[in-house]
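A.B. asks: Let me give you the structure first, and then I'll get to my questions.
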Amino acid sequence: MDLWAAAIVFLIAFVLSGCQIAENPSPSPLPAPPVARRAAEKLVAHGHERIDEYYWLKERNDPEVIAYLEAENRYTDAVMAHTGELRKSLFEEIKGRVKQNDASVPFKKGGYFYYSREEAGKDYAIYCRRKGSMEGDEEIMVDANSLAEGYDYFSLRGLSPRALALSSNEQILAYAVDTVGRRKYTIHFKDLATGEILADKIVGVTGNMAWANDNGTLFYTRQDPTTLRSCKIFCHRLGSDPAGDRLVFEEKDEEFSTNISKTRSGRYLLIASRQTLSTEYRFLDADDPEGAFSLFLPREKDHEYSIDHYADSFYIKTNWKAQNFRLMKRPVAQAAAGDGDSKEGWREVVAHRDDVLLGGFSLFANHLVLSERKEGLTRIRVLPWEDLAAGRAIDFGEPVYSAYVSTNPEFDTSIVRYVFSSPRTPPSTFDYDMARGTKTLLKQDEVLGGFDRNNYGTARLHVTARDGAIVPVSIFFPKEMKRDGSHPLYLYGYGSYGASMDAAFRASLLSLVDRGFIYAIAHVRGGQEKGRQWYEEGKLLKKKNTFTDFVDCAAFLVDEGYTSRDRLFASGGSAGGLLVGAVINMRPDLFRGVVADVPFVDVVTTMLDETIPLTTSEYDEWGNPNDKVYYDYMLSYSPYDNVAARDYPHLLVTTGLHDSQVQYFEPAKWVARLRALKTDQNRLLLKTNMDAGHGGASGRTRQYEETAFAYAFILDLL
């Protein structure tokens, strides 16, 4: 470490120890870090006392906290200063692979074709449409670059293909903007016929919204100002004062959040109340926005369902007597009659299968399309209504991949659009003819810079965990891979909320693989890659399976010669940050370095604080620590609570000051405790984005910079 970096380490060490630092009378480009308050907090639960010496870091508006985070940023910049040229090279590589002038595949909705495009030198998309055909004149609905001018952070909702907030007559567009990163949006309205921005403006909302069919009524969701839990649905009439908007629904159970949507048919508005293990829907004819929502089926513990509408029936994906879910239908007339408290009359459309997870469904005039998952891989299956047993799966032709049903706004069509990619195949949009069984490639994203998919390979590995479970691992590697331990390896994992991590294409990864890296995804328990049971075995009192699976996968990759311990790196973000944080407490010797993005690492303290966003809604994921059984179990793996005087790998930890999902003070406290206790001289860097939230920097250029920084951290260690 150079003298400059060592000096900053010294200053931060003083801050963390609570010593007073006198102002330096001599000129210096680096202000002294702020003085930390040493008022440790005594936390008591179930008669157990914990001392949290860095509890004060949660005071978001305290100038001393901001100064401390800025001091850590200066330290990180100083330690990484010598990698400036490498970071610049990586940035140019990553940026250079991306076609700067590009456009999405248009989709037809009503009388228009909708698409977005990007221009060189601009960070955000331009959202457009053409009337009648793609030969018509281009109409720019929203240029996000113009809206983002003057802001360090910018996020836009209401313009994605799946959630286009457009009135039924296609004239009024609602869009929501967040310029802080705290996920508090402001809704604006634009008359697309005149280009006028209407006077109506709805402030401090979630950005979730749906139109009624009268072209003048918008339903939207508002959050609790403290916890940010989405809890209220309001109805706004264009031209009226938003202060007088009608409250349509309030979700009072603090474990549930709510949202508004519309059925794909456009016939019904849906209010969903969701909690980890339970769902409840209400519906309203979208032609009657002044009407009252009807309850579809009351919430029941351990019953999750979702609904959509077609013709004379509601279709229901449900885990009622079906762990991996099945598809049912119910006549609209029965639901509208008010018989919402019974499953009588439900008829099975697709049966439950022990080895196949039903992920989603799309309804067409002549076909039913199912999104499924089997043995860790997704599949799209097309079934004709006249003979559901005659369904067939689309063949993707690669061992590891990502595939999903794309935007399909039209019902009466034989075409379903889907997107496919793999680590070696760029995102490719296909139209699949469901009647003929043929597919047409509409677009494959162009990767610049001499990319050749034949220079890379992919494979599926299967690792036997310590308890006998078989954990899939997807790997992406240079074509001339050798299993002699010489390759550095970047291992990624998540393993929470039933979220499955598919092996999709990421152009930025080429900067590692072209330098000899193997990229691997450990599909650990806690995800849903192998069905619902895979999720159940990685949550609550079985959460440690997630961590031991990852350790066992890492050890396997070393033992089988894919890499060696001094070349093995791990990465995880959010709940994946919890994963890598727990793993380095268990087996710090396995890894050379770790990148933890916005990591959820202070599990016990966070889950005891009901004022923190997401806490109460996640008791069924982590457990409620007010119950001693769960408290003790969480305490046994919480990364922050298990930091000890031991050697740790090199660590890069990132966070965002305005993060509403994992509060910035969790990673900040974790780094502070690690800095005080760890016994090695390895790098420990905290990088706080002072202008962003959970998703990191906005705009594609700044995202490239963040990726280049993380890659430089890893490559420099080699």
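In the structure tokens, chains take the letters A, B, ... in the order shown, each chain's residues start at 1, and ligands count up from 1 in the order shown.
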If you count only C-alpha atoms, which residues fall within 10 Å of Thr413 in chain A, apart from same-chain ones fewer than 5 positions away, as an mmCIF file with C-alpha atoms, in the first residue's frame?

C.D. replies:
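The result, written out as around-v3.cif:
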```cif
data_model
loop_
_atom_site.group_PDB
_atom_site.id
_atom_site.type_symbol
_atom_site.label_atom_id
_atom_site.label_comp_id
_atom_site.auth_asym_id
_atom_site.auth_seq_id
_atom_site.Cartn_x
_atom_site.Cartn_y
_atom_site.Cartn_z
ATOM 1 C CA PHE A 364 -54.243 -16.223 -26.371
ATOM 2 C CA ALA A 365 -57.362 -16.814 -28.466
ATOM 3 C CA ASN A 366 -56.315 -20.298 -29.552
ATOM 4 C CA HIS A 367 -53.382 -21.121 -27.299
ATOM 5 C CA ASN A 408 -47.669 -9.808 -26.288
ATOM 6 C CA ASP A 433 -45.819 -19.354 -34.652
ATOM 7 C CA MET A 434 -47.851 -21.421 -32.208
ATOM 8 C CA ALA A 435 -49.869 -23.147 -34.926
#
```

A.B. asks: Write out as a VMD selection string which residues come within 8 Å of Gly516 in chain A when counting only C-alpha atoms, dropping same-chain ones fewer than 3 positions away.

C.D. replies: chain A and resid 477 to 478 487 to 488 512 to 513

A.B. asks: Got a sec to tell me which of range 604-670 of chain A DSSP assigns to strand (DSSP E or B), as a list in words?

C.D. replies: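 Strand (DSSP E or B) members of range 604-670 of chain A, listed: His650, Leu651, Leu652, Val653, Thr654, Thr655 and Gly656 of chain A.
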
A.B. asks: Would you pick out the contacts of range 289-296 of chain A at 12 Å or less, using only C-alpha atoms, so that residues sharing its chain but fewer than 2 positions from it are not included, and give the list as a PDB file with N, CA and C atoms, in the first residue's frame?

C.D. replies:
```
ATOM      1  N   ALA A 210     -52.473   2.335 -13.059  1.00  0.00           N
ATOM      2  CA  ALA A 210     -53.244   1.675 -14.119  1.00  0.00           C
ATOM      3  C   ALA A 210     -54.449   2.546 -14.463  1.00  0.00           C
ATOM      4  N   TRP A 211     -54.768   2.618 -15.757  1.00  0.00           N
ATOM      5  CA  TRP A 211     -55.886   3.428 -16.241  1.00  0.00           C
ATOM      6  C   TRP A 211     -57.196   2.630 -16.229  1.00  0.00           C
ATOM      7  N   ALA A 212     -58.289   3.332 -15.927  1.00  0.00           N
ATOM      8  CA  ALA A 212     -59.611   2.801 -16.232  1.00  0.00           C
ATOM      9  C   ALA A 212     -59.864   2.996 -17.725  1.00  0.00           C
ATOM     10  N   ASN A 213     -60.973   2.466 -18.214  1.00  0.00           N
ATOM     11  CA  ASN A 213     -61.234   2.519 -19.656  1.00  0.00           C
ATOM     12  C   ASN A 213     -61.936   3.794 -20.115  1.00  0.00           C
ATOM     13  N   ASP A 214     -62.139   4.759 -19.204  1.00  0.00           N
ATOM     14  CA  ASP A 214     -62.843   5.982 -19.580  1.00  0.00           C
ATOM     15  C   ASP A 214     -61.901   7.077 -20.075  1.00  0.00           C
ATOM     16  N   ASN A 215     -60.592   6.770 -20.111  1.00  0.00           N
ATOM     17  CA  ASN A 215     -59.569   7.695 -20.618  1.00  0.00           C
ATOM     18  C   ASN A 215     -59.368   8.931 -19.751  1.00  0.00           C
ATOM     19  N   GLY A 216     -59.931   8.908 -18.544  1.00  0.00           N
ATOM     20  CA  GLY A 216     -59.772  10.068 -17.691  1.00  0.00           C
ATOM     21  C   GLY A 216     -59.529   9.740 -16.236  1.00  0.00           C
ATOM     22  N   THR A 217     -59.471   8.443 -15.899  1.00  0.00           N
ATOM     23  CA  THR A 217     -59.314   8.036 -14.504  1.00  0.00           C
ATOM     24  C   THR A 217     -58.084   7.150 -14.353  1.00  0.00           C
ATOM     25  N   LEU A 218     -57.194   7.544 -13.462  1.00  0.00           N
ATOM     26  CA  LEU A 218     -55.981   6.772 -13.200  1.00  0.00           C
ATOM     27  C   LEU A 218     -55.983   6.312 -11.748  1.00  0.00           C
ATOM     28  N   PHE A 219     -55.731   5.025 -11.542  1.00  0.00           N
ATOM     29  CA  PHE A 219     -55.536   4.471 -10.206  1.00  0.00           C
ATOM     30  C   PHE A 219     -54.033   4.386  -9.946  1.00  0.00           C
ATOM     31  N   ILE A 233     -54.324   2.614  -2.328  1.00  0.00           N
ATOM     32  CA  ILE A 233     -54.675   2.804  -3.733  1.00  0.00           C
ATOM     33  C   ILE A 233     -55.616   4.003  -3.823  1.00  0.00           C
ATOM     34  N   PHE A 234     -55.254   4.973  -4.671  1.00  0.00           N
ATOM     35  CA  PHE A 234     -56.081   6.155  -4.881  1.00  0.00           C
ATOM     36  C   PHE A 234     -56.578   6.197  -6.324  1.00  0.00           C
ATOM     37  N   CYS A 235     -57.625   6.995  -6.520  1.00  0.00           N
ATOM     38  CA  CYS A 235     -58.216   7.179  -7.841  1.00  0.00           C
ATOM     39  C   CYS A 235     -58.160   8.665  -8.183  1.00  0.00           C
ATOM     40  N   HIS A 236     -57.534   8.998  -9.303  1.00  0.00           N
ATOM     41  CA  HIS A 236     -57.408  10.399  -9.720  1.00  0.00           C
ATOM     42  C   HIS A 236     -58.190  10.634 -11.001  1.00  0.00           C
ATOM     43  N   ARG A 237     -58.978  11.709 -11.010  1.00  0.00           N
ATOM     44  CA  ARG A 237     -59.712  12.115 -12.203  1.00  0.00           C
ATOM     45  C   ARG A 237     -58.970  13.281 -12.849  1.00  0.00           C
ATOM     46  N   ARG A 246     -59.685  10.185  -4.430  1.00  0.00           N
ATOM     47  CA  ARG A 246     -60.458   9.238  -3.624  1.00  0.00           C
ATOM     48  C   ARG A 246     -59.618   8.037  -3.217  1.00  0.00           C
ATOM     49  N   LEU A 247     -59.613   7.712  -1.921  1.00  0.00           N
ATOM     50  CA  LEU A 247     -58.967   6.502  -1.433  1.00  0.00           C
ATOM     51  C   LEU A 247     -59.849   5.308  -1.776  1.00  0.00           C
ATOM     52  N   VAL A 248     -59.315   4.399  -2.574  1.00  0.00           N
ATOM     53  CA  VAL A 248     -60.070   3.239  -3.035  1.00  0.00           C
ATOM     54  C   VAL A 248     -59.859   2.040  -2.129  1.00  0.00           C
ATOM     55  N   PHE A 249     -58.624   1.881  -1.658  1.00  0.00           N
ATOM     56  CA  PHE A 249     -58.297   0.708  -0.849  1.00  0.00           C
ATOM     57  C   PHE A 249     -57.093   1.028   0.028  1.00  0.00           C
ATOM     58  N   ILE A 260     -51.714  -1.962  -7.988  1.00  0.00           N
ATOM     59  CA  ILE A 260     -52.825  -1.935  -8.941  1.00  0.00           C
ATOM     60  C   ILE A 260     -52.317  -2.365 -10.317  1.00  0.00           C
ATOM     61  N   ARG A 267     -60.031  -5.709 -19.566  1.00  0.00           N
ATOM     62  CA  ARG A 267     -61.420  -5.665 -19.081  1.00  0.00           C
ATOM     63  C   ARG A 267     -61.512  -5.323 -17.591  1.00  0.00           C
ATOM     64  N   TYR A 268     -60.545  -5.758 -16.789  1.00  0.00           N
ATOM     65  CA  TYR A 268     -60.653  -5.596 -15.342  1.00  0.00           C
ATOM     66  C   TYR A 268     -59.410  -4.933 -14.748  1.00  0.00           C
ATOM     67  N   LEU A 269     -59.666  -4.131 -13.710  1.00  0.00           N
ATOM     68  CA  LEU A 269     -58.611  -3.609 -12.854  1.00  0.00           C
ATOM     69  C   LEU A 269     -58.455  -4.553 -11.676  1.00  0.00           C
ATOM     70  N   LEU A 270     -57.207  -4.769 -11.254  1.00  0.00           N
ATOM     71  CA  LEU A 270     -56.919  -5.707 -10.177  1.00  0.00           C
ATOM     72  C   LEU A 270     -56.138  -5.018  -9.071  1.00  0.00           C
ATOM     73  N   ILE A 271     -56.577  -5.186  -7.836  1.00  0.00           N
ATOM     74  CA  ILE A 271     -55.793  -4.783  -6.669  1.00  0.00           C
ATOM     75  C   ILE A 271     -55.262  -6.054  -6.029  1.00  0.00           C
ATOM     76  N   ALA A 272     -53.953  -6.129  -5.890  1.00  0.00           N
ATOM     77  CA  ALA A 272     -53.330  -7.282  -5.251  1.00  0.00           C
ATOM     78  C   ALA A 272     -52.736  -6.869  -3.917  1.00  0.00           C
ATOM     79  N   SER A 273     -52.987  -7.663  -2.893  1.00  0.00           N
ATOM     80  CA  SER A 273     -52.309  -7.526  -1.606  1.00  0.00           C
ATOM     81  C   SER A 273     -51.407  -8.734  -1.460  1.00  0.00           C
ATOM     82  N   THR A 279     -51.593 -14.193  -0.727  1.00  0.00           N
ATOM     83  CA  THR A 279     -52.029 -13.220  -1.719  1.00  0.00           C
ATOM     84  C   THR A 279     -53.539 -13.035  -1.626  1.00  0.00           C
ATOM     85  N   GLU A 280     -53.980 -11.838  -1.989  1.00  0.00           N
ATOM     86  CA  GLU A 280     -55.421 -11.559  -2.035  1.00  0.00           C
ATOM     87  C   GLU A 280     -55.690 -10.583  -3.163  1.00  0.00           C
ATOM     88  N   TYR A 281     -56.708 -10.876  -3.992  1.00  0.00           N
ATOM     89  CA  TYR A 281     -57.047 -10.019  -5.128  1.00  0.00           C
ATOM     90  C   TYR A 281     -58.455  -9.448  -5.000  1.00  0.00           C
ATOM     91  N   ARG A 282     -58.606  -8.247  -5.543  1.00  0.00           N
ATOM     92  CA  ARG A 282     -59.890  -7.609  -5.748  1.00  0.00           C
ATOM     93  C   ARG A 282     -59.968  -7.175  -7.207  1.00  0.00           C
ATOM     94  N   PHE A 283     -61.176  -7.133  -7.757  1.00  0.00           N
ATOM     95  CA  PHE A 283     -61.306  -6.793  -9.170  1.00  0.00           C
ATOM     96  C   PHE A 283     -62.462  -5.827  -9.384  1.00  0.00           C
ATOM     97  N   LEU A 284     -62.360  -5.056 -10.474  1.00  0.00           N
ATOM     98  CA  LEU A 284     -63.366  -4.065 -10.837  1.00  0.00           C
ATOM     99  C   LEU A 284     -63.424  -3.965 -12.350  1.00  0.00           C
ATOM    100  N   ASP A 285     -64.632  -3.923 -12.889  1.00  0.00           N
ATOM    101  CA  ASP A 285     -64.812  -3.700 -14.318  1.00  0.00           C
ATOM    102  C   ASP A 285     -64.170  -2.358 -14.670  1.00  0.00           C
ATOM    103  N   ALA A 286     -63.216  -2.373 -15.585  1.00  0.00           N
ATOM    104  CA  ALA A 286     -62.478  -1.153 -15.927  1.00  0.00           C
ATOM    105  C   ALA A 286     -63.344  -0.113 -16.627  1.00  0.00           C
ATOM    106  N   ASP A 287     -64.542  -0.511 -17.055  1.00  0.00           N
ATOM    107  CA  ASP A 287     -65.484   0.446 -17.635  1.00  0.00           C
ATOM    108  C   ASP A 287     -66.261   1.202 -16.563  1.00  0.00           C
ATOM    109  N   PRO A 298     -60.500 -14.408  -0.345  1.00  0.00           N
ATOM    110  CA  PRO A 298     -59.819 -13.859   0.827  1.00  0.00           C
ATOM    111  C   PRO A 298     -58.438 -14.479   1.023  1.00  0.00           C
ATOM    112  N   ARG A 299     -57.558 -13.716   1.634  1.00  0.00           N
ATOM    113  CA  ARG A 299     -56.215 -14.200   1.940  1.00  0.00           C
ATOM    114  C   ARG A 299     -56.266 -15.362   2.911  1.00  0.00           C
ATOM    115  N   TYR A 305     -51.683 -16.890  -4.948  1.00  0.00           N
ATOM    116  CA  TYR A 305     -52.333 -17.030  -6.251  1.00  0.00           C
ATOM    117  C   TYR A 305     -52.213 -15.730  -7.035  1.00  0.00           C
ATOM    118  N   SER A 306     -52.369 -15.841  -8.345  1.00  0.00           N
ATOM    119  CA  SER A 306     -52.436 -14.671  -9.220  1.00  0.00           C
ATOM    120  C   SER A 306     -53.519 -14.939 -10.246  1.00  0.00           C
ATOM    121  N   ILE A 307     -54.110 -13.875 -10.792  1.00  0.00           N
ATOM    122  CA  ILE A 307     -55.230 -14.069 -11.709  1.00  0.00           C
ATOM    123  C   ILE A 307     -55.057 -13.236 -12.970  1.00  0.00           C
ATOM    124  N   ASP A 308     -55.698 -13.698 -14.032  1.00  0.00           N
ATOM    125  CA  ASP A 308     -55.824 -12.953 -15.273  1.00  0.00           C
ATOM    126  C   ASP A 308     -57.179 -13.311 -15.869  1.00  0.00           C
ATOM    127  N   PHE A 314     -61.971 -16.166 -15.248  1.00  0.00           N
ATOM    128  CA  PHE A 314     -60.703 -15.774 -14.637  1.00  0.00           C
ATOM    129  C   PHE A 314     -59.820 -17.023 -14.581  1.00  0.00           C
ATOM    130  N   TYR A 315     -58.544 -16.855 -14.897  1.00  0.00           N
ATOM    131  CA  TYR A 315     -57.582 -17.957 -14.804  1.00  0.00           C
ATOM    132  C   TYR A 315     -56.686 -17.694 -13.602  1.00  0.00           C
ATOM    133  N   ILE A 316     -56.403 -18.740 -12.839  1.00  0.00           N
ATOM    134  CA  ILE A 316     -55.758 -18.597 -11.534  1.00  0.00           C
ATOM    135  C   ILE A 316     -54.547 -19.524 -11.439  1.00  0.00           C
ATOM    136  N   ARG A 330     -62.118 -20.019 -13.304  1.00  0.00           N
ATOM    137  CA  ARG A 330     -63.351 -19.772 -12.570  1.00  0.00           C
ATOM    138  C   ARG A 330     -64.230 -18.843 -13.403  1.00  0.00           C
ATOM    139  N   PRO A 331     -65.498 -19.138 -13.583  1.00  0.00           N
ATOM    140  CA  PRO A 331     -66.363 -18.268 -14.382  1.00  0.00           C
ATOM    141  C   PRO A 331     -66.444 -16.863 -13.800  1.00  0.00           C
ATOM    142  N   VAL A 332     -66.395 -15.869 -14.669  1.00  0.00           N
ATOM    143  CA  VAL A 332     -66.512 -14.485 -14.235  1.00  0.00           C
ATOM    144  C   VAL A 332     -67.830 -14.260 -13.512  1.00  0.00           C
ATOM    145  N   ALA A 333     -68.893 -14.864 -14.022  1.00  0.00           N
ATOM    146  CA  ALA A 333     -70.215 -14.670 -13.422  1.00  0.00           C
ATOM    147  C   ALA A 333     -70.234 -15.120 -11.970  1.00  0.00           C
ATOM    148  N   GLN A 334     -69.543 -16.222 -11.696  1.00  0.00           N
ATOM    149  CA  GLN A 334     -69.504 -16.717 -10.316  1.00  0.00           C
ATOM    150  C   GLN A 334     -68.741 -15.755  -9.422  1.00  0.00           C
ATOM    151  N   ALA A 335     -67.612 -15.241  -9.916  1.00  0.00           N
ATOM    152  CA  ALA A 335     -66.832 -14.301  -9.118  1.00  0.00           C
ATOM    153  C   ALA A 335     -67.593 -13.001  -8.900  1.00  0.00           C
ATOM    154  N   ALA A 336     -68.289 -12.552  -9.928  1.00  0.00           N
ATOM    155  CA  ALA A 336     -69.028 -11.296  -9.830  1.00  0.00           C
ATOM    156  C   ALA A 336     -70.256 -11.416  -8.941  1.00  0.00           C
ATOM    157  N   ALA A 337     -70.723 -12.644  -8.730  1.00  0.00           N
ATOM    158  CA  ALA A 337     -71.908 -12.860  -7.896  1.00  0.00           C
ATOM    159  C   ALA A 337     -71.612 -12.683  -6.421  1.00  0.00           C
ATOM    160  N   GLY A 338     -70.350 -12.475  -6.093  1.00  0.00           N
ATOM    161  CA  GLY A 338     -69.986 -12.222  -4.702  1.00  0.00           C
ATOM    162  C   GLY A 338     -69.594 -13.458  -3.941  1.00  0.00           C
ATOM    163  N   ASP A 339     -69.437 -14.589  -4.637  1.00  0.00           N
ATOM    164  CA  ASP A 339     -69.038 -15.830  -3.968  1.00  0.00           C
ATOM    165  C   ASP A 339     -67.518 -15.866  -3.860  1.00  0.00           C
ATOM    166  N   GLY A 340     -66.961 -14.831  -3.207  1.00  0.00           N
ATOM    167  CA  GLY A 340     -65.516 -14.689  -3.191  1.00  0.00           C
ATOM    168  C   GLY A 340     -64.812 -15.454  -2.110  1.00  0.00           C
ATOM    169  N   ASP A 341     -65.567 -16.116  -1.237  1.00  0.00           N
ATOM    170  CA  ASP A 341     -64.914 -16.795  -0.128  1.00  0.00           C
ATOM    171  C   ASP A 341     -64.822 -18.298  -0.338  1.00  0.00           C
ATOM    172  N   SER A 342     -65.009 -18.734  -1.572  1.00  0.00           N
ATOM    173  CA  SER A 342     -65.022 -20.177  -1.819  1.00  0.00           C
ATOM    174  C   SER A 342     -64.258 -20.511  -3.086  1.00  0.00           C
ATOM    175  N   LYS A 343     -63.662 -21.699  -3.099  1.00  0.00           N
ATOM    176  CA  LYS A 343     -63.003 -22.196  -4.303  1.00  0.00           C
ATOM    177  C   LYS A 343     -63.926 -23.145  -5.060  1.00  0.00           C
TER     178      LYS A 343
END
```

A.B. asks: With distances taken over only C-alpha atoms, which residue among A:Thr186, A:Thr688, A:Thr616, A:Thr226 lies nearest Val205 in chain A?

C.D. replies: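 Checking each of A:Thr186, A:Thr688, A:Thr616, A:Thr226 against Val205 in chain A, counting only C-alpha atoms, the winner is A:Thr186.
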
A.B. asks: With DSSP run on the backbone, what are the helix (DSSP H, G or I) residues within range 253-377 of chain A? I'd like them as a ChimeraX atom specification.

C.D. replies: /A:332-336

A.B. asks: A:Thr83, A:Ser257, A:Asn545, A:Ser414: which is nearest Gly527 in chain A, counting only C-alpha atoms?

C.D. replies: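 Looking only at the distances to Gly527 in chain A, the closest residue turns out to be A:Asn545.
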
A.B. asks: As a count of residues only, please: the residues near range 582-587 of chain A (cut-off 12 Å, only C-alpha atoms, same-chain neighbours under 3 positions excluded).

C.D. replies: 58

A.B. asks: Using only C-alpha atoms for the distances, tell me which of A:Arg506, A:Arg436, A:Lys628, A:His82 is nearest to Ile94 in chain A.

C.D. replies: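 The closest residue to Ile94 in chain A is A:Arg506.
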
A.B. asks: Can you tell me, as a VMD selection string, what residues are no more than 10 Å from range 442-456 of chain A when counting only C-alpha atoms, ignoring any on the same chain fewer than 3 positions away?

C.D. replies: chain A and resid 93 to 100 102 to 106 417 419 to 421 423 to 431 439 476 to 481 507 510 513 to 514
